[in-house]
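Asks: The following block contains the structure, expressed as structure tokens.
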Amino acid sequence: MVRELGCQVEKVVFPLEITAREADIAEKLLAQAGAKAGIPYVVLAVGANWPNKRWPTKQYAKLVEWLYDKKVIPVLSGGGVVDERLAAEIEAAAEIPPVNLVGKTSLKQLAHIVKQARAVIGGDTGPVHLAAGLKVPTIMLMGPTDRNRNGPYGQSENAIEVSYSCKHCWKRECRFKRDCLAAIKLAQVTEKLEPYC
């Protein structure tokens, strides 16, 4: 935006101060939820405001199992009633339930958790953009929005877009009544995540 106004931008930074207290609380929340210290983890941002920006919970459950096979802890993040429902569906479908922090962190606590993660994955939603801003490896699953405008900042190569010709429609609901992100297969996601696991 600033460049569009004609200003020169030398370096892009996203300052977010995380206090020692917030970091300590975040570590305790992780431990209480079942994450063991010293074991790597990946954050799964399960929700999004638009339903067509959410990857299906059955796919997340398969990803949870893949991560456990890699000796990496899957940690669910999000907030609100919808995200809680999605997390419950993922927990029910996964062979081993993931660590569930949905609705349990503040923004700064989540930022601390994200900063320590091997990677973050999810749709075009706040926690995923937070991860990109913190320069954590960020895999964003995209359908109705465009990687060039909304993709993970500085990591556009980590955006996975659906192959539909109608992608980037910028609509909250699919006019074809399909689950947009269901077109993104688990193998596409694991291929992007593999270097970080």
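Note on naming: chains are A, B, ... as they come in the structure tokens, residues start from 1 per chain, ligands start from 1 in the order shown.
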Hey, which bits of segment 26-79 of chain A sit within 12 Å of segment 152-163 of chain A, and for each residue what's the closest pair of atoms and how far apart in Å (one decimal), counting only C-alpha atoms, rows by chain and increasing number, as a Markdown table?
Replies:
| residue | atom | partner | partner_atom | distance |
| --- | --- | --- | --- | --- |
| A:Asn52 | CA | A:Val162 | CA | 11.3 |
| A:Lys53 | CA | A:Glu161 | CA | 10.9 |
| A:Trp55 | CA | A:Val162 | CA | 11.1 |
Asks: Write out as a PyMOL selection string all residues of segment 6-151 of chain A that backbone DSSP assigns to helix (DSSP H, G or I).
Replies: chain A and resi 20-33+51-53+57-69+81-93+107-116+126-133+147-150
Asks: Can you list, as a PDB file with C-alpha atoms, in the first residue's frame, every protein, DNA or RNA residue that comes within 12 Å of Lys104 of chain A when you count only C-alpha atoms, leaving out same-chain residues fewer than 4 positions away?
Replies:
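Final file, part_3.pdb:
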ATOM      1  CA  ILE A  25       1.931 -19.007  29.139  1.00  0.00           C
ATOM      2  CA  ALA A  26       2.114 -20.316  25.563  1.00  0.00           C
ATOM      3  CA  LYS A  28       2.471 -24.036  29.486  1.00  0.00           C
ATOM      4  CA  LEU A  29      -0.595 -24.229  27.226  1.00  0.00           C
ATOM      5  CA  LEU A  30       1.313 -26.434  24.790  1.00  0.00           C
ATOM      6  CA  GLN A  32      -1.015 -28.924  29.185  1.00  0.00           C
ATOM      7  CA  ALA A  33      -2.531 -29.802  25.800  1.00  0.00           C
ATOM      8  CA  VAL A  75      -1.087 -28.620  16.811  1.00  0.00           C
ATOM      9  CA  LEU A  76      -4.530 -27.240  15.939  1.00  0.00           C
ATOM     10  CA  SER A  77      -5.091 -23.485  16.204  1.00  0.00           C
ATOM     11  CA  GLY A  78      -8.057 -21.214  15.702  1.00  0.00           C
ATOM     12  CA  GLY A  79     -10.811 -19.551  17.651  1.00  0.00           C
ATOM     13  CA  GLY A  80     -14.568 -19.448  17.873  1.00  0.00           C
ATOM     14  CA  ASP A  83     -13.176 -23.673  14.598  1.00  0.00           C
ATOM     15  CA  GLU A  84     -14.013 -25.673  17.734  1.00  0.00           C
ATOM     16  CA  VAL A  99      -2.838 -31.290  20.227  1.00  0.00           C
ATOM     17  CA  ASN A 100      -5.826 -28.945  20.290  1.00  0.00           C
ATOM     18  CA  LYS A 108       0.617 -13.097  21.228  1.00  0.00           C
ATOM     19  CA  GLN A 109       0.559 -16.575  22.753  1.00  0.00           C
ATOM     20  CA  LEU A 110      -0.322 -17.975  19.343  1.00  0.00           C
ATOM     21  CA  ILE A 113       3.688 -20.962  19.361  1.00  0.00           C
TER      22      ILE A 113
END
Asks: I'd like the neighbourhood of Glu191 of chain A as a PyMOL selection string, where a residue qualifies if any of its atoms comes within 12 Å (using only C-alpha atoms), though same-chain residues fewer than 6 positions away should be ignored.
Replies: chain A and resi 63+66+139+158+160+184-185+197
Asks: Would you output that residue set with C-alpha atoms, as a CSV table (one decimal), in the first residue's frame?
Replies:
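The file below, selection_11.csv, is the result:
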chain,number,residue,atom,x,y,z
A,63,LEU,CA,-2.4,-34.9,7.6
A,66,TRP,CA,1.2,-38.2,8.3
A,139,ILE,CA,1.8,-23.4,3.4
A,158,ASN,CA,4.3,-22.2,-0.7
A,160,ILE,CA,-1.2,-24.3,-3.2
A,184,ILE,CA,-6.2,-30.0,-2.9
A,185,LYS,CA,-4.9,-33.4,-2.3
A,197,CYS,CA,9.6,-32.3,8.8
Asks: Tell me which protein, DNA and RNA residues are within 12 Å of Ala119 of chain A, counting only C-alpha atoms, leaving out same-chain ones fewer than 3 positions away, and put them as a VMD selection string.
Replies: chain A and resid 40 to 45 67 72 to 75 113 to 116 122 127 to 128 130 to 132 134 to 140 158 189 to 190 192 to 197
